[in-house]
$ cat run-v1.cif   # mmCIF, C-alpha atoms
data_final
#
loop_
_atom_site.label_atom_id
_atom_site.label_comp_id
_atom_site.auth_asym_id
_atom_site.auth_seq_id
_atom_site.Cartn_x
_atom_site.Cartn_y
_atom_site.Cartn_z
CA MET F 1 -38.03 24.67 -21.93
CA PHE F 2 -37.88 24.65 -25.71
CA ASP F 3 -37.58 28.43 -25.76
CA LYS F 4 -34.63 28.28 -23.42
CA ILE F 5 -32.80 25.82 -25.69
CA LYS F 6 -33.57 28.11 -28.61
CA ASP F 7 -32.10 31.07 -26.70
CA VAL F 8 -28.89 29.17 -25.94
CA TRP F 9 -28.57 28.09 -29.57
CA HIS F 10 -29.08 31.68 -30.66
CA THR F 11 -26.28 32.83 -28.37
CA ILE F 12 -23.79 30.24 -29.62
CA SER F 13 -24.62 30.51 -33.29
CA HIS F 14 -24.39 34.32 -33.53
CA PRO F 15 -21.36 36.59 -33.38
CA SER F 16 -20.65 38.18 -30.02
CA ARG F 17 -22.33 41.54 -29.59
CA TYR F 18 -20.42 42.95 -26.59
CA TYR F 19 -17.00 41.25 -26.49
CA SER F 20 -14.23 41.73 -29.01
CA LEU F 21 -12.65 38.81 -30.78
CA GLY F 22 -9.38 39.54 -28.96
CA ILE F 23 -11.01 39.30 -25.53
CA LEU F 24 -12.76 36.08 -26.52
CA ILE F 25 -9.51 34.52 -27.74
CA VAL F 26 -7.54 35.54 -24.65
CA ALA F 27 -10.33 34.53 -22.29
CA GLY F 28 -10.70 31.22 -24.11
CA PHE F 29 -6.97 30.65 -23.85
CA VAL F 30 -6.90 31.36 -20.13
CA ALA F 31 -9.97 29.23 -19.49
CA GLY F 32 -8.34 26.47 -21.54
CA ILE F 33 -5.26 26.51 -19.35
CA ILE F 34 -7.33 26.43 -16.19
CA PHE F 35 -9.66 23.65 -17.27
CA TRP F 36 -7.09 21.49 -19.02
CA GLY F 37 -4.56 22.03 -16.25
CA GLY F 38 -7.20 21.23 -13.66
CA PHE F 39 -8.25 18.11 -15.51
CA ASN F 40 -4.70 16.86 -15.76
CA THR F 41 -3.93 17.68 -12.12
CA VAL F 42 -6.94 15.68 -10.97
CA LEU F 43 -6.02 12.88 -13.35
CA GLU F 44 -2.51 12.74 -11.95
CA ALA F 45 -3.84 12.87 -8.40
CA THR F 46 -5.88 9.74 -9.10
CA ASN F 47 -2.72 8.18 -10.46
CA THR F 48 -0.90 7.93 -7.15
CA GLU F 49 -0.54 5.15 -4.63
CA THR F 50 -1.96 7.39 -1.90
CA PHE F 51 -5.15 7.67 -3.91
CA CYS F 52 -5.34 3.94 -4.66
CA ILE F 53 -4.94 2.86 -1.05
CA SER F 54 -7.36 5.46 0.22
CA CYS F 55 -9.94 2.72 -0.42
CA HIS F 56 -9.77 0.00 2.20
CA GLU F 57 -10.25 -2.66 -0.50
CA MET F 58 -6.87 -1.77 -1.96
CA HIS F 59 -5.18 -0.90 1.32
CA ASN F 60 -6.11 -4.05 3.23
CA ASN F 61 -5.65 -6.60 0.48
CA VAL F 62 -3.34 -5.96 -2.43
CA TYR F 63 -1.26 -3.25 -0.76
CA GLN F 64 -0.43 -5.41 2.25
CA GLU F 65 0.62 -8.22 -0.06
CA LEU F 66 2.82 -5.93 -2.12
CA LYS F 67 4.76 -4.83 0.95
CA SER F 68 6.85 -7.98 1.27
CA THR F 69 7.78 -8.20 -2.40
CA ILE F 70 10.82 -6.88 -4.23
CA HIS F 71 8.74 -4.28 -6.02
CA TYR F 72 8.10 -2.57 -2.68
CA THR F 73 11.31 -3.03 -0.75
CA ASN F 74 14.75 -3.99 -2.03
CA ARG F 75 18.44 -3.23 -1.61
CA SER F 76 18.55 -0.12 -3.79
CA GLY F 77 15.27 1.46 -2.74
CA VAL F 78 13.83 1.84 -6.23
CA ARG F 79 10.19 0.86 -6.02
CA ALA F 80 7.07 0.53 -8.10
CA THR F 81 3.81 2.11 -6.99
CA CYS F 82 0.34 0.85 -8.01
CA PRO F 83 -0.05 2.97 -11.19
CA ASP F 84 3.44 2.06 -12.40
CA CYS F 85 2.18 -1.43 -13.15
CA HIS F 86 -1.56 -0.97 -13.43
CA VAL F 87 -1.96 2.23 -15.47
CA PRO F 88 -0.35 2.76 -18.89
CA HIS F 89 2.04 5.72 -19.03
CA ASP F 90 1.03 6.97 -22.50
CA TRP F 91 -1.74 9.53 -22.44
CA THR F 92 -4.28 7.87 -24.79
CA ASP F 93 -3.86 4.44 -23.19
CA LYS F 94 -4.05 6.05 -19.76
CA ILE F 95 -7.36 7.74 -20.57
CA ALA F 96 -8.72 4.46 -21.94
CA ARG F 97 -7.74 2.68 -18.73
CA LYS F 98 -9.21 5.48 -16.63
CA MET F 99 -12.52 5.10 -18.43
CA GLN F 100 -12.48 1.38 -17.72
CA ALA F 101 -11.82 2.23 -14.10
CA SER F 102 -15.33 3.66 -13.83
CA LYS F 103 -16.31 0.02 -13.36
CA GLU F 104 -14.14 0.04 -10.23
CA VAL F 105 -16.04 3.03 -8.89
CA TRP F 106 -19.22 1.01 -9.47
CA GLY F 107 -17.63 -1.85 -7.51
CA LYS F 108 -16.72 0.49 -4.68
CA ILE F 109 -20.24 1.95 -4.44
CA PHE F 110 -21.96 -1.42 -4.55
CA LYS F 111 -19.39 -3.05 -2.22
CA THR F 112 -18.36 -5.80 -4.62
CA ILE F 113 -15.19 -6.65 -2.70
CA ASP F 114 -15.62 -4.80 0.58
CA THR F 115 -14.59 -7.80 2.72
CA ARG F 116 -11.54 -10.04 2.52
CA GLU F 117 -13.81 -13.01 1.79
CA LYS F 118 -15.55 -11.30 -1.10
CA PHE F 119 -12.17 -10.20 -2.42
CA LEU F 120 -10.73 -13.70 -2.29
CA ALA F 121 -13.81 -15.14 -3.97
CA LYS F 122 -13.41 -12.68 -6.83
CA ARG F 123 -9.64 -12.76 -6.96
CA LYS F 124 -9.27 -15.15 -9.87
CA GLU F 125 -11.53 -13.04 -12.09
CA LEU F 126 -9.73 -9.84 -11.14
CA ALA F 127 -6.31 -11.38 -11.62
CA GLN F 128 -7.37 -12.76 -14.99
CA HIS F 129 -8.30 -9.23 -16.12
CA GLU F 130 -4.81 -8.00 -15.32
CA TRP F 131 -3.12 -11.02 -16.92
CA ASP F 132 -5.19 -10.55 -20.07
CA ARG F 133 -4.41 -6.85 -20.18
CA LEU F 134 -0.66 -7.38 -19.80
CA LYS F 135 -0.71 -10.24 -22.28
CA ALA F 136 -2.52 -8.03 -24.82
CA ASN F 137 -0.12 -5.08 -24.51
CA ASP F 138 3.00 -7.31 -24.41
CA SER F 139 3.62 -6.53 -20.72
CA LEU F 140 3.99 -2.84 -21.49
CA GLU F 141 4.00 -1.76 -17.85
CA CYS F 142 6.79 -4.21 -16.99
CA ARG F 143 8.79 -2.99 -19.93
CA ASN F 144 8.48 0.64 -18.87
CA CYS F 145 11.29 -0.23 -16.43
CA HIS F 146 12.55 -3.65 -17.49
CA ASP F 147 13.77 -2.97 -20.99
CA PHE F 148 14.74 -6.14 -22.84
CA GLN F 149 17.27 -4.19 -24.94
CA TYR F 150 19.37 -3.46 -21.88
CA MET F 151 19.12 -6.81 -20.11
CA ASP F 152 22.56 -8.24 -19.40
CA PHE F 153 22.09 -11.99 -19.63
CA THR F 154 25.51 -12.59 -18.15
CA ARG F 155 24.27 -11.05 -14.90
CA GLN F 156 21.24 -13.32 -14.78
CA GLY F 157 20.92 -16.77 -13.30
CA LYS F 158 21.30 -19.71 -15.63
CA ARG F 159 17.61 -20.53 -15.70
CA ALA F 160 16.59 -16.89 -16.12
CA GLU F 161 19.06 -16.43 -18.94
CA GLN F 162 17.79 -19.51 -20.73
CA ALA F 163 14.14 -18.46 -20.47
CA HIS F 164 14.82 -14.86 -21.48
CA ALA F 165 17.09 -15.78 -24.38
CA SER F 166 14.60 -18.19 -25.90
CA GLY F 167 10.94 -17.44 -25.11
CA LEU F 168 11.16 -13.73 -24.41
CA ALA F 169 13.70 -12.88 -27.13
CA SER F 170 11.66 -14.57 -29.83
CA GLY F 171 8.54 -12.73 -28.74
CA GLU F 172 6.79 -16.04 -28.23
CA LYS F 173 6.29 -15.24 -24.57
CA THR F 174 5.84 -12.04 -22.65
CA CYS F 175 6.78 -11.16 -19.06
CA ILE F 176 3.41 -11.97 -17.51
CA ASP F 177 3.40 -15.50 -18.95
CA CYS F 178 5.96 -16.59 -16.36
CA HIS F 179 5.97 -13.77 -13.80
CA LYS F 180 2.52 -14.10 -12.30
CA GLY F 181 1.98 -13.35 -8.63
CA ILE F 182 5.23 -11.45 -8.20
CA ALA F 183 3.63 -8.46 -6.50
CA HIS F 184 0.45 -9.92 -5.04
CA GLN F 185 -0.66 -13.34 -3.87
CA LEU F 186 -2.20 -15.69 -6.39
CA PRO F 187 -5.73 -17.03 -6.75
CA ASP F 188 -6.34 -20.74 -7.17
CA MET F 189 -4.04 -21.56 -10.09
CA THR F 190 -5.63 -24.80 -11.22
CA GLY F 191 -6.18 -24.63 -14.95
CA VAL F 192 -3.90 -21.63 -15.47
CA GLU F 193 -1.34 -22.30 -18.19
CA GLY F 194 2.13 -23.06 -16.87
CA TRP F 195 1.05 -23.94 -13.35
CA HIS F 196 1.17 -27.36 -11.65
CA MET O 1 11.54 -48.38 42.70
CA LYS O 2 15.27 -48.71 42.25
CA PRO O 3 15.56 -46.87 38.89
CA PHE O 4 13.63 -43.99 40.39
CA ILE O 5 16.12 -43.58 43.23
CA LEU O 6 18.96 -43.78 40.72
CA ILE O 7 17.50 -40.94 38.65
CA LEU O 8 16.99 -38.91 41.80
CA LEU O 9 20.64 -39.42 42.72
CA LEU O 10 21.82 -38.47 39.23
CA MET O 11 19.59 -35.38 39.04
CA PRO O 12 22.22 -32.78 40.02
CA PHE O 13 24.60 -34.12 37.36
CA ILE O 14 21.95 -34.02 34.65
CA VAL O 15 21.16 -30.41 35.49
CA LEU O 16 24.87 -29.52 35.42
CA ALA O 17 25.33 -31.19 32.05
CA GLU O 18 22.43 -29.26 30.60
CA GLN O 19 23.95 -25.98 31.69
CA ASN O 20 27.13 -26.82 29.79
CA ILE O 21 25.36 -27.33 26.49
CA ALA O 22 26.33 -24.42 24.29
CA THR O 23 23.37 -22.40 23.17
CA LEU O 24 22.98 -21.51 19.51
CA ARG O 25 21.28 -18.35 20.59
CA SER O 26 24.28 -17.15 22.64
CA ALA O 27 22.33 -14.60 24.65
CA GLU O 28 20.48 -14.40 27.93
CA ILE O 29 16.93 -15.66 27.82
CA ALA O 30 15.46 -12.21 28.34
CA ALA O 31 17.84 -10.46 25.94
CA GLU O 32 17.13 -10.04 22.27
CA PRO O 33 20.36 -10.53 20.32
CA ASP O 34 21.00 -8.97 16.93
CA ALA O 35 19.85 -11.19 14.10
CA PRO O 36 22.73 -12.88 12.30
CA ARG O 37 23.45 -11.62 8.81
CA MET O 38 21.69 -13.50 6.06
CA GLY O 39 23.91 -15.77 3.99
CA ASN O 40 24.08 -15.86 0.24
CA GLU O 41 21.72 -18.44 -1.16
CA GLU O 42 23.33 -20.98 -3.45
CA ASN O 43 22.18 -20.33 -7.01
CA ASN O 44 24.42 -22.37 -9.31
CA ASP O 45 21.82 -24.88 -10.52
CA LEU O 46 24.27 -27.72 -9.92
CA ARG O 47 22.99 -30.82 -8.17
CA ARG O 48 24.76 -31.75 -4.96
CA LYS O 49 25.70 -35.27 -4.06
CA ARG O 50 23.27 -36.81 -1.61
CA ASN O 51 24.71 -38.03 1.66
CA TYR O 52 22.52 -41.14 1.59
CA PRO O 53 20.20 -42.45 -1.12
CA MET O 54 16.97 -41.45 0.60
CA GLN O 55 18.10 -37.88 1.26
CA PRO O 56 15.78 -35.28 -0.24
CA PRO O 57 17.93 -33.41 -2.78
CA THR O 58 18.81 -29.86 -1.80
CA ILE O 59 17.57 -26.94 -3.90
CA PRO O 60 20.48 -25.50 -5.91
CA HIS O 61 18.76 -22.19 -6.69
CA LYS O 62 17.15 -19.22 -4.99
CA ILE O 63 13.55 -19.64 -3.92
CA ALA O 64 12.89 -16.18 -2.51
CA GLY O 65 9.27 -15.22 -3.09
CA TYR O 66 8.22 -18.71 -4.19
CA ARG O 67 4.83 -19.32 -2.64
CA ILE O 68 3.56 -22.75 -1.73
CA ASP O 69 -0.01 -22.57 -0.49
CA LEU O 70 -3.51 -23.80 -1.15
CA ASN O 71 -3.79 -21.73 -4.32
CA SER O 72 -0.43 -22.14 -5.94
CA ASN O 73 2.84 -24.02 -5.76
CA LYS O 74 5.64 -22.21 -7.54
CA CYS O 75 7.98 -25.22 -7.39
CA LEU O 76 5.54 -27.36 -9.33
CA SER O 77 5.33 -24.79 -12.10
CA CYS O 78 8.71 -26.18 -13.19
CA HIS O 79 9.12 -29.54 -11.48
CA SER O 80 5.73 -31.18 -12.01
CA ARG O 81 5.26 -33.95 -14.57
CA ARG O 82 3.48 -31.62 -16.98
CA GLN O 83 5.94 -28.74 -16.78
CA VAL O 84 9.33 -30.43 -17.09
CA VAL O 85 9.08 -30.50 -20.87
CA ASP O 86 9.21 -26.69 -20.92
CA SER O 87 11.44 -26.10 -17.94
CA GLN O 88 13.81 -29.07 -18.37
CA ALA O 89 13.96 -29.17 -14.58
CA PRO O 90 14.14 -32.53 -12.79
CA MET O 91 10.66 -33.97 -12.29
CA VAL O 92 9.63 -34.60 -8.69
CA SER O 93 10.22 -38.22 -7.81
CA VAL O 94 7.50 -40.74 -8.53
CA THR O 95 7.07 -41.35 -4.80
CA HIS O 96 5.48 -37.89 -4.63
CA TYR O 97 2.63 -39.09 -6.80
CA MET O 98 1.86 -42.00 -4.46
CA ASP O 99 -0.54 -42.03 -1.55
CA ARG O 100 0.54 -43.79 1.61
CA ASP O 101 -0.83 -47.12 0.38
CA GLY O 102 1.37 -46.97 -2.70
CA ASN O 103 -1.38 -46.10 -5.19
CA PHE O 104 -0.37 -43.72 -7.94
CA LEU O 105 -2.33 -40.47 -8.21
CA ALA O 106 -2.79 -38.08 -11.12
CA GLU O 107 -1.41 -35.13 -9.15
CA VAL O 108 1.29 -34.68 -6.54
CA SER O 109 0.01 -36.26 -3.35
CA PRO O 110 -1.21 -33.76 -0.74
CA ARG O 111 1.21 -35.23 1.80
CA ARG O 112 4.12 -34.31 -0.52
CA TYR O 113 2.76 -30.94 -1.60
CA PHE O 114 4.80 -28.73 0.72
CA CYS O 115 8.18 -29.03 -0.97
CA ASN O 116 10.30 -27.20 1.55
CA GLN O 117 9.30 -29.46 4.38
CA CYS O 118 12.09 -31.69 3.06
CA HIS O 119 13.85 -29.80 0.26
CA VAL O 120 15.81 -26.73 1.29
CA PRO O 121 18.08 -24.24 -0.43
CA GLN O 122 21.67 -23.93 0.78
CA THR O 123 23.45 -20.84 2.02
CA ASP O 124 27.13 -20.04 1.99
CA VAL O 125 27.78 -19.70 5.74
CA LYS O 126 30.00 -21.12 8.46
CA PRO O 127 28.08 -24.01 10.12
CA LEU O 128 26.89 -23.26 13.64
CA VAL O 129 27.83 -26.73 14.85
CA GLU O 130 30.43 -29.11 13.56
CA ASN O 131 29.01 -31.91 11.48
CA THR O 132 30.64 -35.29 11.90
CA PHE O 133 28.41 -37.15 9.47
CA GLN O 134 30.16 -39.74 7.31
CA ASP O 135 28.50 -41.25 4.30
CA ILE O 136 28.35 -44.99 3.76
CA ASP O 137 31.29 -45.01 1.33
CA THR O 138 33.57 -43.41 3.92
CA ILE O 139 32.46 -45.89 6.58
CA LEU O 140 33.03 -48.88 4.28
CA ASP O 141 36.44 -47.55 3.24
CA ASN O 142 37.43 -47.06 6.87
CA GLN O 143 36.38 -50.61 7.70
CA LYS O 144 38.45 -51.99 4.84
CA ILE O 145 41.46 -50.12 6.09
CA LYS O 146 40.96 -51.54 9.60
CA GLN O 147 40.80 -55.08 8.27
#
$ encode --input "run-v1.cif" --output "structure tokens"
Amino acid sequence: MFDKIKDVWHTISHPSRYYSLGILIVAGFVAGIIFWGGFNTVLEATNTETFCISCHEMHNNVYQELKSTIHYTNRSGVRATCPDCHVPHDWTDKIARKMQASKEVWGKIFKTIDTREKFLAKRKELAQHEWDRLKANDSLECRNCHDFQYMDFTRQGKRAEQAHASGLASGEKTCIDCHKGIAHQLPDMTGVEGWH
Amino acid sequence: MKPFILILLLMPFIVLAEQNIATLRSAEIAAEPDAPRMGNEENNDLRRKRNYPMQPPTIPHKIAGYRIDLNSNKCLSCHSRRQVVDSQAPMVSVTHYMDRDGNFLAEVSPRRYFCNQCHVPQTDVKPLVENTFQDIDTILDNQKIKQ
């Protein structure tokens, strides 16, 4: 065993005996494209709604609830898919979120929420994670589409205009503070700030 | 015995009268008519006059997507006692904090929890049936004129 490791170390630490530097560079470049491209393709494939709802936990619970909301169907047909709201668009943040998502794979394997009852029992905790995340990043995923800079207050309702012009404009509040449960149903809201 | 015979005699007329009642559905029983277009929900945030003092006030804004269930009540996130300071919305009436024996509770009473059992938004549509309701002021005025 030890000898084998020594052999491998010898190979990496010494100049190549049979291949020219040019071949090594070109081969490395090609391999880089293949591996990096492959990595990104797989990453993007896991970043689609089809992938998300391929698990029944997502398909039977949150996806069904999304269907009747304005983020799924509306007059102009522009819609948000799961990753639009739940995965950051920037690469570094996306990778960080993807690493966190390994916990979700754990949950899938050990059937943490494999029935509606288990899901409902855990809903408050799961919702709280998302609220905390959006609170911490100043509702980044909302703002990917809903840019405050381009909001026309004159086209908003009176109450919306008032709330957006005061709390949101001053940065005192962020989208998720008021807009909870807009795409999925809510857990028991007792004790949540701003409710009841 | 006599009233029974009377009803029996009147039966054909009752049936005829029922047939003349215009249906709001305006389609055969077996047929499925096209759904009427949805009206525009009133959204001006202006309170309407109540037709009588006990009338539940109408909702002068859109409530699409507002859930009222065991877990959450979207209406109360503005109209409850605690929230009105932020929202500046009218607080739900004190009667909603009373149980049926008149005791005051800390929270909205469960029997008043489902807001849109009584409070409804308004839509800008032509009424299906004519409404001949007169409020008490109109009735009193009319009486004065008669005298």
$ residues_near_point --input "run-v1.cif" --point "(19.5, -19.9, -13.9)" --cutoff "9 Å" --atoms "only C-alpha atoms" --output "VMD selection string"
(chain F and resid 156 to 163) or (chain O and resid 43 to 45 61)
$ resolve_selection --input "run-v1.cif" --expression "the PyMOL selection byres ((chain F) within 9 of (chain O))" --output "number ranges by chain"
F: 68-70, 157-159, 163, 181-182, 185-190, 194-196
$ resolve_selection --input "run-v1.cif" --expression "the PyMOL selection byres ((chain F and resi 48) around 12)" --output "list in words"
Thr41, Val42, Leu43, Glu44, Ala45, Thr46, Asn47, Glu49, Thr50, Phe51, Cys52, Ile53, Ser54, Ala80, Thr81, Cys82, Pro83, Asp84, Cys85, His86 and Val87 of chain F
$ residues_around --input "run-v1.cif" --residues "His146 of chain F" --least-positions-apart "6" --cutoff "10 Å" --atoms "all atoms listed in the file" --output "ChimeraX atom specification"
/F:139-140,175
$ residues_around --input "run-v1.cif" --residues "Lys126 of chain O" --least-positions-apart "5" --cutoff "12 Å" --atoms "all atoms listed in the file" --output "list in words"
Pro36, Arg37, Met38, Gly39, Asn40 and Asn131 of chain O
